[in-house]
Amino acid sequence: METSREPVFRAFGRGLDQVGYLLPDGSEAIYYISVARPTVSIVALTREQRVIMVEQYRPGPGDLLRELPGGFIDENETPSTAAERELLEETGYRGSVELHATCYLDAYSSAKKYCFTATDCVLASAPSDLDPEVTRVVLVTIDDLRRALREGRMTDVDSGLLGLQHLGLL
């Protein structure tokens, strides 16, 4: 049971709280919990069965990674609407978007991730996302995505595996 909470840091839609808990054994403990708005992540396939990914600089790993499209859910936006928006903004593609799972970002985070697939995707416009992290859109094979997931060369590994499983492609 939570007994106290104090914000430590807030910026860029993310934060860190110091949280006191009364644990099941009766002891008390302090944890630092990551707080963030909920996010979406999309395994998107073109009609030709190519996976739509974006190359992005990721500050945590300090490297340029191929990633699944996704991002924060805006205030008063549904997860499905956010998935459609993020896919279009980051890649310029539209498709048939379906929610198939939710998960927590990690054990020390209160944020939820909504995992989507998008099938029959077609290029509808140029990417409109002005985020400097996104460098370019790349289309890869399903085997390329499987390899990236196994090698740990991307974030959203959970969404990638759950998406491929949902599509029967794992």
# chains A, B, ... in the order shown; residues from 1 in each chain; ligands from 1
$ select_by_dssp --residues "chain A" --states "alpha helix (DSSP H)" --output "count of residues only"
33
$ select_by_dssp --residues "segment 39-102 of chain A" --states "strand (DSSP E or B)" --output "JSON, numbers by chain"
{"A": [39, 40, 41, 42, 43, 44, 45, 46, 51, 52, 53, 54, 55, 56, 57, 58, 63, 64, 65, 66, 67, 70, 71, 72, 93, 94, 95, 96, 97, 98, 99, 100, 101, 102]}
$ write_last_selection --atoms "C-alpha atoms" --output "compact mmCIF listing (two decimals), in the first residue's frame"
# COMPACT_ATOMS: atom_id res chain seq x y z
CA THR A 39 2.21 5.03 -24.81
CA VAL A 40 1.41 3.10 -27.96
CA SER A 41 3.68 0.90 -30.05
CA ILE A 42 2.74 -0.52 -33.45
CA VAL A 43 3.93 -3.54 -35.43
CA ALA A 44 2.89 -2.28 -38.87
CA LEU A 45 2.94 -4.37 -42.04
CA THR A 46 2.52 -3.18 -45.62
CA VAL A 51 7.55 -4.19 -41.48
CA ILE A 52 7.47 -0.39 -41.21
CA MET A 53 10.16 0.90 -38.85
CA VAL A 54 11.80 4.21 -38.10
CA GLU A 55 15.46 4.86 -37.48
CA GLN A 56 15.71 6.94 -34.31
CA TYR A 57 18.45 8.19 -32.07
CA ARG A 58 17.76 6.77 -28.61
CA ASP A 63 22.72 4.88 -30.47
CA LEU A 64 20.72 5.01 -33.69
CA LEU A 65 18.19 2.15 -33.55
CA ARG A 66 15.49 0.81 -35.84
CA GLU A 67 12.29 1.11 -33.87
CA GLY A 70 4.80 4.79 -31.47
CA GLY A 71 4.68 7.42 -28.80
CA PHE A 72 2.67 9.07 -26.05
CA TYR A 93 1.49 5.09 -43.53
CA ARG A 94 -2.13 4.21 -42.71
CA GLY A 95 -3.54 0.75 -42.13
CA SER A 96 -6.02 -1.39 -40.25
CA VAL A 97 -5.02 -0.80 -36.60
CA GLU A 98 -5.89 -3.31 -33.87
CA LEU A 99 -5.12 -3.34 -30.15
CA HIS A 100 -3.93 -6.78 -29.07
CA ALA A 101 -2.21 -6.33 -25.68
CA THR A 102 -1.26 -3.95 -22.90
$ atom_distance --atom1 "atom CA of Leu167 of chain A" --atom2 "atom CA of Thr117 of chain A"
7.9 Å
$ atom_distance --atom1 "atom CA of Ala124 of chain A" --atom2 "atom CA of Asp74 of chain A"
22.1 Å
$ closest_atom_pairs --of "segment 31-145 of chain A" --to "segment 8-21 of chain A" --cutoff "6 Å" --atoms "only C-alpha atoms" --output "Markdown table"
| residue | atom | partner | partner_atom | distance |
| --- | --- | --- | --- | --- |
| A:Tyr31 | CA | A:Val19 | CA | 5.3 |
| A:Tyr32 | CA | A:Gln18 | CA | 4.7 |
| A:Ile33 | CA | A:Asp17 | CA | 5.2 |
| A:Ser34 | CA | A:Leu16 | CA | 4.6 |
| A:Val35 | CA | A:Gly15 | CA | 5.0 |
| A:Ala36 | CA | A:Arg14 | CA | 4.5 |
$ atom_distance --atom1 "atom CA of Glu28 of chain A" --atom2 "atom CA of Met1 of chain A"
9.5 Å
$ closest_residue --among "A:Thr3, A:Tyr114, A:Gly92, A:Val137" --to "Gly160 of chain A" --atoms "only C-alpha atoms"
A:Tyr114
$ closest_residue --among "A:Cys121, A:Leu23, A:Cys103, A:Ala111" --to "Arg37 of chain A" --atoms "only C-alpha atoms"
A:Ala111
$ residues_around --residues "Ser159 of chain A" --least-positions-apart "3" --cutoff "7 Å" --atoms "only C-alpha atoms" --output "compact mmCIF listing (two decimals) with N, CA and C atoms, in the first residue's frame"
# COMPACT_ATOMS: atom_id res chain seq x y z
N SER A 41 2.62 1.44 -29.20
CA SER A 41 3.68 0.90 -30.05
C SER A 41 2.99 0.03 -31.09
N CYS A 115 -0.20 -2.10 -27.04
CA CYS A 115 0.48 -2.76 -28.16
C CYS A 115 -0.52 -3.00 -29.29
N ASP A 156 11.02 -1.60 -27.22
CA ASP A 156 9.70 -2.16 -27.54
C ASP A 156 9.77 -3.62 -27.99
N LEU A 162 4.89 -9.53 -29.04
CA LEU A 162 3.44 -9.70 -28.90
C LEU A 162 2.73 -9.46 -30.23
N GLY A 163 3.20 -8.48 -31.01
CA GLY A 163 2.60 -8.21 -32.30
C GLY A 163 2.79 -9.35 -33.28
